[in-house]
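Okay, protein.pdb now, which holds PDB, C-alpha atoms, pLDDT in the B column:
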```pdb
ATOM      1  CA  MET P   1      10.661 135.598 155.500  1.00 39.00           C
ATOM      2  CA  LYS P   2       9.675 134.065 158.820  1.00 40.00           C
ATOM      3  CA  ARG P   3      10.111 130.571 160.159  1.00 43.00           C
ATOM      4  CA  GLY P   4       8.927 129.960 163.692  1.00 45.00           C
ATOM      5  CA  ARG P   5       9.607 133.105 165.704  1.00 50.00           C
ATOM      6  CA  TYR P   6      12.757 134.367 164.062  1.00 58.00           C
ATOM      7  CA  CYS P   7      13.603 136.081 160.802  1.00 71.00           C
ATOM      8  CA  ASP P   8      16.035 134.236 158.547  1.00 79.00           C
ATOM      9  CA  ASP P   9      18.386 137.227 158.334  1.00 77.00           C
ATOM     10  CA  ASP P  10      18.866 137.153 162.122  1.00 76.00           C
ATOM     11  CA  PRO P  11      21.344 134.900 163.969  1.00 81.00           C
ATOM     12  CA  PRO P  12      19.786 131.437 164.387  1.00 72.00           C
ATOM     13  CA  PRO P  13      18.034 130.787 167.701  1.00 71.00           C
ATOM     14  CA  ARG P  14      19.718 128.980 170.584  1.00 68.00           C
ATOM     15  CA  ARG P  15      17.739 125.778 170.034  1.00 70.00           C
ATOM     16  CA  LEU P  16      19.417 125.361 166.639  1.00 70.00           C
ATOM     17  CA  LEU P  17      22.817 126.356 167.982  1.00 64.00           C
ATOM     18  CA  LEU P  18      22.633 123.683 170.691  1.00 62.00           C
ATOM     19  CA  ARG P  19      21.990 121.039 168.063  1.00 67.00           C
ATOM     20  CA  GLU P  20      25.216 121.921 166.270  1.00 69.00           C
ATOM     21  CA  GLY P  21      27.394 120.499 169.046  1.00 64.00           C
ATOM     22  CA  ALA P  22      25.501 117.221 169.002  1.00 61.00           C
ATOM     23  CA  ALA P  23      25.660 117.062 165.207  1.00 59.00           C
ATOM     24  CA  LEU P  24      29.429 117.391 165.347  1.00 61.00           C
ATOM     25  CA  ALA P  25      30.040 115.068 168.292  1.00 58.00           C
ATOM     26  CA  VAL P  26      28.272 112.062 166.805  1.00 55.00           C
ATOM     27  CA  ARG P  27      30.327 112.256 163.596  1.00 58.00           C
ATOM     28  CA  LEU P  28      33.866 112.833 164.896  1.00 61.00           C
ATOM     29  CA  TYR P  29      34.883 109.394 163.676  1.00 57.00           C
ATOM     30  CA  ARG P  30      34.785 110.704 160.098  1.00 63.00           C
ATOM     31  CA  ALA P  31      37.839 112.860 160.892  1.00 63.00           C
ATOM     32  CA  PHE P  32      40.126 109.830 161.151  1.00 64.00           C
ATOM     33  CA  GLY P  33      42.172 108.581 158.221  1.00 74.00           C
ATOM     34  CA  ARG P  34      44.874 109.794 155.902  1.00 79.00           C
ATOM     35  CA  LEU P  35      44.931 113.298 154.520  1.00 82.00           C
ATOM     36  CA  GLY P  36      46.049 114.295 151.050  1.00 86.00           C
ATOM     37  CA  GLU P  37      44.873 113.856 147.497  1.00 95.00           C
ATOM     38  CA  ARG P  38      42.304 111.149 146.808  1.00 96.00           C
ATOM     39  CA  GLY P  39      40.136 109.992 143.937  1.00 95.00           C
ATOM     40  CA  PRO P  40      41.056 109.089 140.335  1.00 95.00           C
ATOM     41  CA  PRO P  41      44.326 110.742 139.237  1.00 93.00           C
ATOM     42  CA  HIS P  42      42.764 112.147 136.065  1.00 93.00           C
ATOM     43  CA  GLY P  43      39.479 113.253 137.640  1.00 95.00           C
ATOM     44  CA  GLU P  44      38.254 116.843 137.712  1.00 96.00           C
ATOM     45  CA  PRO P  45      40.240 118.646 140.437  1.00 98.00           C
ATOM     46  CA  LEU P  46      38.212 119.722 143.457  1.00 98.00           C
ATOM     47  CA  MET P  47      39.468 121.457 146.591  1.00 98.00           C
ATOM     48  CA  VAL P  48      37.492 121.548 149.855  1.00 98.00           C
ATOM     49  CA  ILE P  49      38.195 124.567 152.094  1.00 98.00           C
ATOM     50  CA  PRO P  50      37.279 124.156 155.779  1.00 97.00           C
ATOM     51  CA  GLY P  51      35.299 126.555 157.922  1.00 96.00           C
ATOM     52  CA  PHE P  52      36.372 128.695 160.852  1.00 96.00           C
ATOM     53  CA  CYS P  53      38.200 126.770 163.603  1.00 93.00           C
ATOM     54  CA  ALA P  54      38.247 123.724 161.341  1.00 94.00           C
ATOM     55  CA  SER P  55      40.894 121.875 159.361  1.00 95.00           C
ATOM     56  CA  ASP P  56      41.069 119.347 156.541  1.00 96.00           C
ATOM     57  CA  ARG P  57      40.204 116.631 159.041  1.00 93.00           C
ATOM     58  CA  SER P  58      36.869 118.359 159.639  1.00 92.00           C
ATOM     59  CA  THR P  59      35.944 117.910 155.979  1.00 94.00           C
ATOM     60  CA  LEU P  60      37.471 114.464 155.491  1.00 93.00           C
ATOM     61  CA  GLY P  61      34.078 112.756 155.191  1.00 93.00           C
ATOM     62  CA  LEU P  62      33.029 115.200 152.473  1.00 95.00           C
ATOM     63  CA  GLN P  63      36.355 114.776 150.678  1.00 96.00           C
ATOM     64  CA  ARG P  64      35.916 111.005 150.637  1.00 95.00           C
ATOM     65  CA  ALA P  65      32.346 111.272 149.376  1.00 96.00           C
ATOM     66  CA  LEU P  66      33.296 113.557 146.496  1.00 98.00           C
ATOM     67  CA  ALA P  67      36.289 111.399 145.577  1.00 97.00           C
ATOM     68  CA  LYS P  68      33.860 108.477 145.186  1.00 97.00           C
ATOM     69  CA  GLU P  69      31.958 110.650 142.697  1.00 97.00           C
ATOM     70  CA  GLY P  70      35.038 110.673 140.460  1.00 97.00           C
ATOM     71  CA  TYR P  71      36.674 113.954 141.457  1.00 98.00           C
ATOM     72  CA  ARG P  72      40.366 114.284 142.252  1.00 98.00           C
ATOM     73  CA  VAL P  73      39.973 115.781 145.719  1.00 98.00           C
ATOM     74  CA  ARG P  74      42.151 117.397 148.337  1.00 97.00           C
ATOM     75  CA  GLY P  75      41.741 119.761 151.269  1.00 98.00           C
ATOM     76  CA  TRP P  76      43.255 123.200 151.391  1.00 98.00           C
ATOM     77  CA  GLY P  77      46.451 121.981 153.092  1.00 97.00           C
ATOM     78  CA  LEU P  78      46.889 125.065 155.275  1.00 97.00           C
ATOM     79  CA  GLY P  79      46.117 123.669 158.716  1.00 96.00           C
ATOM     80  CA  TRP P  80      43.504 125.198 160.981  1.00 97.00           C
ATOM     81  CA  ASN P  81      41.366 128.015 159.614  1.00 97.00           C
ATOM     82  CA  LEU P  82      41.711 130.623 162.356  1.00 97.00           C
ATOM     83  CA  GLY P  83      40.356 133.584 160.438  1.00 97.00           C
ATOM     84  CA  ALA P  84      41.414 135.750 157.529  1.00 98.00           C
ATOM     85  CA  ARG P  85      45.024 136.891 157.253  1.00 97.00           C
ATOM     86  CA  ALA P  86      46.530 139.300 154.751  1.00 97.00           C
ATOM     87  CA  ASP P  87      48.050 136.404 152.790  1.00 98.00           C
ATOM     88  CA  THR P  88      45.221 133.858 153.082  1.00 98.00           C
ATOM     89  CA  LEU P  89      43.952 134.160 149.521  1.00 98.00           C
ATOM     90  CA  ASP P  90      47.466 134.130 148.059  1.00 98.00           C
ATOM     91  CA  ARG P  91      48.292 130.968 150.003  1.00 98.00           C
ATOM     92  CA  ILE P  92      45.160 129.223 148.761  1.00 98.00           C
ATOM     93  CA  ALA P  93      45.951 130.282 145.183  1.00 98.00           C
ATOM     94  CA  ALA P  94      49.473 128.878 145.547  1.00 97.00           C
ATOM     95  CA  GLN P  95      48.050 125.557 146.723  1.00 97.00           C
ATOM     96  CA  LEU P  96      45.652 125.579 143.770  1.00 97.00           C
ATOM     97  CA  GLU P  97      48.441 126.211 141.279  1.00 96.00           C
ATOM     98  CA  ARG P  98      50.227 123.080 142.461  1.00 95.00           C
ATOM     99  CA  PHE P  99      47.032 121.043 142.545  1.00 96.00           C
ATOM    100  CA  CYS P 100      45.350 122.087 139.292  1.00 93.00           C
ATOM    101  CA  ARG P 101      48.075 120.861 136.920  1.00 89.00           C
ATOM    102  CA  GLY P 102      46.817 123.222 134.237  1.00 88.00           C
ATOM    103  CA  ARG P 103      43.135 122.411 134.761  1.00 94.00           C
ATOM    104  CA  PRO P 104      40.863 124.800 136.745  1.00 97.00           C
ATOM    105  CA  ALA P 105      39.440 123.311 139.928  1.00 98.00           C
ATOM    106  CA  THR P 106      36.047 123.317 141.585  1.00 98.00           C
ATOM    107  CA  LEU P 107      36.218 125.044 144.972  1.00 98.00           C
ATOM    108  CA  VAL P 108      33.871 123.762 147.667  1.00 98.00           C
ATOM    109  CA  GLY P 109      34.039 126.044 150.687  1.00 98.00           C
ATOM    110  CA  TRP P 110      32.330 125.408 154.003  1.00 98.00           C
ATOM    111  CA  SER P 111      31.276 128.470 156.043  1.00 97.00           C
ATOM    112  CA  LEU P 112      34.259 130.881 156.195  1.00 98.00           C
ATOM    113  CA  GLY P 113      35.923 128.589 153.674  1.00 98.00           C
ATOM    114  CA  GLY P 114      33.141 129.445 151.239  1.00 98.00           C
ATOM    115  CA  ILE P 115      33.992 133.125 151.566  1.00 98.00           C
ATOM    116  CA  TYR P 116      37.628 132.318 150.785  1.00 98.00           C
ATOM    117  CA  ALA P 117      36.557 130.236 147.787  1.00 98.00           C
ATOM    118  CA  ARG P 118      34.504 133.089 146.351  1.00 98.00           C
ATOM    119  CA  GLU P 119      37.302 135.603 146.845  1.00 98.00           C
ATOM    120  CA  VAL P 120      40.005 133.368 145.340  1.00 98.00           C
ATOM    121  CA  ALA P 121      37.767 132.885 142.299  1.00 98.00           C
ATOM    122  CA  LYS P 122      37.512 136.660 141.924  1.00 98.00           C
ATOM    123  CA  GLN P 123      41.268 137.127 142.092  1.00 97.00           C
ATOM    124  CA  ARG P 124      42.307 134.021 140.136  1.00 97.00           C
ATOM    125  CA  PRO P 125      39.466 132.895 137.855  1.00 98.00           C
ATOM    126  CA  ASP P 126      42.086 131.120 135.753  1.00 97.00           C
ATOM    127  CA  LEU P 127      42.458 128.583 138.571  1.00 98.00           C
ATOM    128  CA  VAL P 128      38.762 128.091 139.378  1.00 98.00           C
ATOM    129  CA  SER P 129      36.067 126.465 137.237  1.00 98.00           C
ATOM    130  CA  ARG P 130      33.211 127.030 139.729  1.00 98.00           C
ATOM    131  CA  VAL P 131      32.496 127.761 143.383  1.00 98.00           C
ATOM    132  CA  VAL P 132      30.116 125.952 145.721  1.00 98.00           C
ATOM    133  CA  SER P 133      29.641 127.601 149.121  1.00 98.00           C
ATOM    134  CA  LEU P 134      28.225 125.606 152.049  1.00 98.00           C
ATOM    135  CA  GLY P 135      26.522 127.773 154.647  1.00 98.00           C
ATOM    136  CA  ALA P 136      28.953 130.604 153.908  1.00 98.00           C
ATOM    137  CA  PRO P 137      27.947 134.036 155.310  1.00 97.00           C
ATOM    138  CA  PHE P 138      28.886 136.102 152.257  1.00 98.00           C
ATOM    139  CA  ALA P 139      25.787 138.348 152.297  1.00 97.00           C
ATOM    140  CA  GLY P 140      24.033 140.677 154.704  1.00 95.00           C
ATOM    141  CA  ASP P 141      25.151 141.595 158.209  1.00 96.00           C
ATOM    142  CA  PRO P 142      28.519 139.973 159.127  1.00 96.00           C
ATOM    143  CA  ARG P 143      27.258 139.736 162.710  1.00 96.00           C
ATOM    144  CA  ALA P 144      24.130 137.783 161.775  1.00 96.00           C
ATOM    145  CA  ASN P 145      25.638 134.579 163.101  1.00 95.00           C
ATOM    146  CA  ASN P 146      26.410 132.969 166.431  1.00 94.00           C
ATOM    147  CA  VAL P 147      30.209 132.975 166.243  1.00 95.00           C
ATOM    148  CA  TRP P 148      31.241 136.505 165.310  1.00 95.00           C
ATOM    149  CA  ARG P 149      32.466 137.315 168.823  1.00 96.00           C
ATOM    150  CA  LEU P 150      34.584 134.158 168.891  1.00 95.00           C
ATOM    151  CA  TYR P 151      35.839 135.021 165.406  1.00 96.00           C
ATOM    152  CA  GLU P 152      37.001 138.452 166.545  1.00 97.00           C
ATOM    153  CA  LEU P 153      38.673 136.980 169.628  1.00 97.00           C
ATOM    154  CA  ILE P 154      40.665 134.418 167.670  1.00 97.00           C
ATOM    155  CA  SER P 155      41.334 136.329 164.441  1.00 97.00           C
ATOM    156  CA  ARG P 156      42.111 139.594 166.276  1.00 96.00           C
ATOM    157  CA  HIS P 157      40.274 141.808 163.819  1.00 97.00           C
ATOM    158  CA  PRO P 158      36.671 143.033 163.545  1.00 97.00           C
ATOM    159  CA  VAL P 159      34.449 140.678 161.622  1.00 96.00           C
ATOM    160  CA  ASP P 160      33.440 143.531 159.310  1.00 95.00           C
ATOM    161  CA  CYS P 161      37.017 144.726 158.733  1.00 95.00           C
ATOM    162  CA  PRO P 162      39.185 141.801 157.573  1.00 95.00           C
ATOM    163  CA  PRO P 163      42.809 142.381 156.541  1.00 96.00           C
ATOM    164  CA  LEU P 164      41.825 141.750 152.921  1.00 94.00           C
ATOM    165  CA  ASP P 165      40.522 144.001 150.153  1.00 91.00           C
ATOM    166  CA  VAL P 166      37.264 142.193 149.395  1.00 94.00           C
ATOM    167  CA  ASP P 167      33.681 142.815 148.317  1.00 94.00           C
ATOM    168  CA  LEU P 168      31.960 139.799 149.841  1.00 95.00           C
ATOM    169  CA  GLY P 169      28.633 140.191 148.077  1.00 95.00           C
ATOM    170  CA  ALA P 170      30.066 140.549 144.568  1.00 97.00           C
ATOM    171  CA  LYS P 171      29.589 137.408 142.486  1.00 98.00           C
ATOM    172  CA  PRO P 172      32.753 135.672 141.267  1.00 98.00           C
ATOM    173  CA  PRO P 173      33.249 135.599 137.468  1.00 98.00           C
ATOM    174  CA  VAL P 174      32.717 131.808 137.417  1.00 98.00           C
ATOM    175  CA  PRO P 175      29.592 129.694 138.009  1.00 98.00           C
ATOM    176  CA  THR P 176      28.712 130.121 141.675  1.00 98.00           C
ATOM    177  CA  ILE P 177      26.289 128.063 143.753  1.00 98.00           C
ATOM    178  CA  ALA P 178      25.210 128.941 147.290  1.00 98.00           C
ATOM    179  CA  LEU P 179      23.978 126.078 149.480  1.00 98.00           C
ATOM    180  CA  TRP P 180      22.107 127.057 152.621  1.00 98.00           C
ATOM    181  CA  SER P 181      19.827 125.551 155.272  1.00 97.00           C
ATOM    182  CA  ARG P 182      16.955 126.688 157.470  1.00 95.00           C
ATOM    183  CA  ARG P 183      18.313 124.322 160.134  1.00 94.00           C
ATOM    184  CA  ASP P 184      21.664 126.121 160.235  1.00 94.00           C
ATOM    185  CA  GLY P 185      22.404 126.930 163.872  1.00 93.00           C
ATOM    186  CA  ILE P 186      25.419 129.146 163.178  1.00 94.00           C
ATOM    187  CA  VAL P 187      24.736 131.359 160.150  1.00 97.00           C
ATOM    188  CA  ALA P 188      21.533 133.241 159.316  1.00 96.00           C
ATOM    189  CA  PRO P 189      19.987 131.450 156.316  1.00 96.00           C
ATOM    190  CA  ALA P 190      19.602 134.670 154.317  1.00 96.00           C
ATOM    191  CA  CYS P 191      23.330 135.417 154.700  1.00 97.00           C
ATOM    192  CA  ALA P 192      24.279 132.023 153.261  1.00 98.00           C
ATOM    193  CA  ARG P 193      21.605 132.146 150.559  1.00 97.00           C
ATOM    194  CA  GLY P 194      22.533 135.632 149.406  1.00 96.00           C
ATOM    195  CA  PHE P 195      20.578 138.129 147.380  1.00 95.00           C
ATOM    196  CA  GLU P 196      19.862 138.662 143.703  1.00 94.00           C
ATOM    197  CA  GLY P 197      22.976 138.744 141.563  1.00 96.00           C
ATOM    198  CA  GLN P 198      25.322 137.399 144.253  1.00 98.00           C
ATOM    199  CA  SER P 199      25.348 133.812 142.945  1.00 98.00           C
ATOM    200  CA  ASP P 200      24.064 131.897 139.953  1.00 98.00           C
ATOM    201  CA  ARG P 201      22.069 129.349 141.945  1.00 97.00           C
ATOM    202  CA  GLN P 202      20.810 128.981 145.492  1.00 98.00           C
ATOM    203  CA  VAL P 203      20.041 125.480 146.746  1.00 98.00           C
ATOM    204  CA  GLU P 204      18.427 124.672 150.073  1.00 98.00           C
ATOM    205  CA  LEU P 205      19.689 121.671 152.037  1.00 97.00           C
ATOM    206  CA  ASP P 206      18.070 120.116 155.089  1.00 95.00           C
ATOM    207  CA  CYS P 207      21.041 119.914 157.459  1.00 94.00           C
ATOM    208  CA  SER P 208      22.726 121.652 160.359  1.00 94.00           C
ATOM    209  CA  HIS P 209      25.691 123.955 159.827  1.00 95.00           C
ATOM    210  CA  MET P 210      28.053 121.167 160.888  1.00 93.00           C
ATOM    211  CA  GLY P 211      26.098 118.805 158.683  1.00 92.00           C
ATOM    212  CA  PHE P 212      27.372 120.452 155.500  1.00 95.00           C
ATOM    213  CA  ALA P 213      30.760 118.880 156.256  1.00 92.00           C
ATOM    214  CA  THR P 214      29.749 115.806 158.268  1.00 90.00           C
ATOM    215  CA  SER P 215      26.360 114.456 157.152  1.00 91.00           C
ATOM    216  CA  PRO P 216      26.200 111.653 154.539  1.00 92.00           C
ATOM    217  CA  ARG P 217      22.745 112.876 153.523  1.00 94.00           C
ATOM    218  CA  ALA P 218      24.201 116.339 152.880  1.00 96.00           C
ATOM    219  CA  PHE P 219      27.087 114.777 150.940  1.00 96.00           C
ATOM    220  CA  LYS P 220      24.605 113.171 148.535  1.00 97.00           C
ATOM    221  CA  ARG P 221      22.854 116.490 147.938  1.00 97.00           C
ATOM    222  CA  ILE P 222      26.150 118.318 147.437  1.00 98.00           C
ATOM    223  CA  ALA P 223      27.263 115.686 144.934  1.00 98.00           C
ATOM    224  CA  ALA P 224      23.926 115.996 143.114  1.00 97.00           C
ATOM    225  CA  VAL P 225      24.332 119.773 142.883  1.00 97.00           C
ATOM    226  CA  LEU P 226      27.787 119.314 141.412  1.00 97.00           C
ATOM    227  CA  ARG P 227      26.394 116.941 138.792  1.00 94.00           C
ATOM    228  CA  ASP P 228      23.587 119.297 137.693  1.00 87.00           C
TER     229      ASP P 228
END
```
Reformat the file's structure so that it appears as structure tokens.
Amino acid sequence: MKRGRYCDDDPPPRRLLLREGAALAVRLYRAFGRLGERGPPHGEPLMVIPGFCASDRSTLGLQRALAKEGYRVRGWGLGWNLGARADTLDRIAAQLERFCRGRPATLVGWSLGGIYAREVAKQRPDLVSRVVSLGAPFAGDPRANNVWRLYELISRHPVDCPPLDVDLGAKPPVPTIALWSRRDGIVAPACARGFEGQSDRQVELDCSHMGFATSPRAFKRIAAVLRD
């Protein structure tokens, strides 16, 4: 499918990439405030997993918005996401075990965090009630994005050969929703949307890649998807 002069399974064009920096810069103030669990103590547990080169502060605005919707929300609690490590999924599962308190949690994963969310759900479906990925490149060419070179530099492994035994395209055994955007300046839309059988629903948002985690308008759409 074409939009403008590029195919949506190719890396987004530079004009969209340049907008990502501006989208992030104007919303940095949302990163200030306390970290930790928020929302009603008996609400449905929901964990937000940050994207590559991001931390729980990067998703603080989204955490706050979802807590206002009645969820008991926290970030992943593992610092900066600097790429996959051999123990990444086990560490997330350990955090979930402490957080869930016997009740499976919704995992909301932004970008690389969405890949982690899907893989944790495959390994530990007992801990996960559903997965919502936000611009996560779980399908298609792992180099169909504008950060794969930076990813390899920081993570120190090829983007198509992570230190984990995973099948990225396989659908988790829990309800799985893929949110994607044509305005994404980082990830090819088709890679975040996925293909038949890779998720239960695909929902288009009108936001930048950074906007998934920083835009109040995106927060409202994400909350609406969770309510459906």
Rounded to one decimal in Å, what is the spacing between atom CA of Glu44 of chain P and atom CA of Thr214 of chain P?
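About the pair atom CA of Glu44 of chain P and atom CA of Thr214 of chain P: they are 22.3 Å apart.
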Assuming the chain letters and numbering stay as they are in my file, what does the PyMOL selection byres ((chain P and resi 139) around 8) actually select? List them as a VMD selection string.
chain P and resid 137 to 138 140 to 142 168 to 169 190 to 195
Chain and number of each residue from the PyMOL selection byres ((chain P and resi 155-167) around 7), as a ChimeraX atom specification
/P:82-86,142,148,151-154,168-170
Expected selection from the PyMOL selection byres ((chain P and resi 177-182) around 7), given as a PDB file with C-alpha atoms, in the coordinates of the input:
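Here's the written file out.pdb:
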```pdb
ATOM      1  CA  VAL P 131      32.496 127.761 143.383  1.00 98.00           C
ATOM      2  CA  VAL P 132      30.116 125.952 145.721  1.00 98.00           C
ATOM      3  CA  SER P 133      29.641 127.601 149.121  1.00 98.00           C
ATOM      4  CA  LEU P 134      28.225 125.606 152.049  1.00 98.00           C
ATOM      5  CA  GLY P 135      26.522 127.773 154.647  1.00 98.00           C
ATOM      6  CA  PRO P 175      29.592 129.694 138.009  1.00 98.00           C
ATOM      7  CA  THR P 176      28.712 130.121 141.675  1.00 98.00           C
ATOM      8  CA  ARG P 183      18.313 124.322 160.134  1.00 94.00           C
ATOM      9  CA  ASP P 184      21.664 126.121 160.235  1.00 94.00           C
ATOM     10  CA  PRO P 189      19.987 131.450 156.316  1.00 96.00           C
ATOM     11  CA  ALA P 192      24.279 132.023 153.261  1.00 98.00           C
ATOM     12  CA  ARG P 193      21.605 132.146 150.559  1.00 97.00           C
ATOM     13  CA  SER P 199      25.348 133.812 142.945  1.00 98.00           C
ATOM     14  CA  ASP P 200      24.064 131.897 139.953  1.00 98.00           C
ATOM     15  CA  ARG P 201      22.069 129.349 141.945  1.00 97.00           C
ATOM     16  CA  GLN P 202      20.810 128.981 145.492  1.00 98.00           C
ATOM     17  CA  VAL P 203      20.041 125.480 146.746  1.00 98.00           C
ATOM     18  CA  GLU P 204      18.427 124.672 150.073  1.00 98.00           C
ATOM     19  CA  LEU P 205      19.689 121.671 152.037  1.00 97.00           C
ATOM     20  CA  ASP P 206      18.070 120.116 155.089  1.00 95.00           C
ATOM     21  CA  CYS P 207      21.041 119.914 157.459  1.00 94.00           C
TER      22      CYS P 207
END
```
Between atom CA of Leu78 of chain P and atom CA of Arg217 of chain P, distance in Å (one decimal)
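Atom CA of Arg217 of chain P lies at a distance of 27.1 Å from atom CA of Leu78 of chain P.
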So which residues fall inside 8 Å of (40.4, 108.9, 146.0) if we count all atoms listed in the file? Mind giving them as an mmCIF file with C-alpha atoms, keeping the file's coordinate frame?
```
data_model
loop_
_atom_site.group_PDB
_atom_site.id
_atom_site.type_symbol
_atom_site.label_atom_id
_atom_site.label_comp_id
_atom_site.auth_asym_id
_atom_site.auth_seq_id
_atom_site.Cartn_x
_atom_site.Cartn_y
_atom_site.Cartn_z
ATOM 1 C CA GLU P 37 44.873 113.856 147.497
ATOM 2 C CA ARG P 38 42.304 111.149 146.808
ATOM 3 C CA GLY P 39 40.136 109.992 143.937
ATOM 4 C CA PRO P 40 41.056 109.089 140.335
ATOM 5 C CA ARG P 64 35.916 111.005 150.637
ATOM 6 C CA ALA P 67 36.289 111.399 145.577
ATOM 7 C CA LYS P 68 33.860 108.477 145.186
ATOM 8 C CA GLY P 70 35.038 110.673 140.460
ATOM 9 C CA TYR P 71 36.674 113.954 141.457
ATOM 10 C CA ARG P 72 40.366 114.284 142.252
ATOM 11 C CA VAL P 73 39.973 115.781 145.719
#
```
Distance criterion (all atoms listed in the file): nearest to Ser208 of chain P out of P:Glu97, P:Ala105, P:Trp80, P:Ile186:
P:Ile186
Two-atom distance - atom CA of Ala223 of chain P, atom CA of Leu96 of chain P (Å):
20.9 Å
Proximity to Ile222 of chain P - best of P:Cys7, P:Cys100, P:Leu66, P:Leu35, only C-alpha atoms
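Comparing P:Cys7, P:Cys100, P:Leu66, P:Leu35 against Ile222 of chain P, the winner is P:Leu66.
Nearest to Arg221 of chain P of all the residues P:Leu150, P:Ala65, P:Val187, P:Pro172 is P:Ala65, counting only C-alpha atoms.
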Could you work out an axis-aligned bounding box for all listed atoms of segment 9-13 of chain P, with 8 Å added on each of the six sides, and give its centre and edge lengths in Å to one decimal, as JSON?
```
{"center_x": 19.7, "center_y": 134.0, "center_z": 163.0, "size_x": 19.3, "size_y": 22.4, "size_z": 25.4}
```
Around (39.3, 129.0, 135.6) in the file's own coordinates, what residues are found within 10 Å if you use only C-alpha atoms, given back as an MDAnalysis selection string?
chainID P and resid 100 102:106 121 124:130 173:174
Those same residues - C-alpha atoms - I'd like them written as a JSON list (two decimals), in the coordinates of the input.
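Written output follows (selection.json):
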```json
[["chain", "number", "residue", "atom", "x", "y", "z"],
["P", 100, "CYS", "CA", 45.35, 122.09, 139.29],
["P", 102, "GLY", "CA", 46.82, 123.22, 134.24],
["P", 103, "ARG", "CA", 43.14, 122.41, 134.76],
["P", 104, "PRO", "CA", 40.86, 124.80, 136.74],
["P", 105, "ALA", "CA", 39.44, 123.31, 139.93],
["P", 106, "THR", "CA", 36.05, 123.32, 141.58],
["P", 121, "ALA", "CA", 37.77, 132.88, 142.30],
["P", 124, "ARG", "CA", 42.31, 134.02, 140.14],
["P", 125, "PRO", "CA", 39.47, 132.90, 137.85],
["P", 126, "ASP", "CA", 42.09, 131.12, 135.75],
["P", 127, "LEU", "CA", 42.46, 128.58, 138.57],
["P", 128, "VAL", "CA", 38.76, 128.09, 139.38],
["P", 129, "SER", "CA", 36.07, 126.46, 137.24],
["P", 130, "ARG", "CA", 33.21, 127.03, 139.73],
["P", 173, "PRO", "CA", 33.25, 135.60, 137.47],
["P", 174, "VAL", "CA", 32.72, 131.81, 137.42]]
```
Go through P:Leu107, P:Val225, P:Ala93, P:Ala218 one by one, measure the shortest atom-to-atom distance of each to Ile49 of chain P using all atoms listed in the file, and give the residue with the smallest value.
P:Leu107
Looking at only C-alpha atoms, which of P:Arg101, P:Met210, P:Gly77, P:Pro12 is the one that sits closest to Gly43 of chain P?
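The closest residue to Gly43 of chain P is P:Arg101.
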Which residues, written as a PyMOL selection string, have at least one atom at most 10 Å from Val48 of chain P, with only C-alpha atoms counted and residues fewer than 2 positions away on the same chain left out?
chain P and resi 46+50-51+56+59-60+62-63+66+73-77+106-110+113-114+117+132-133+213
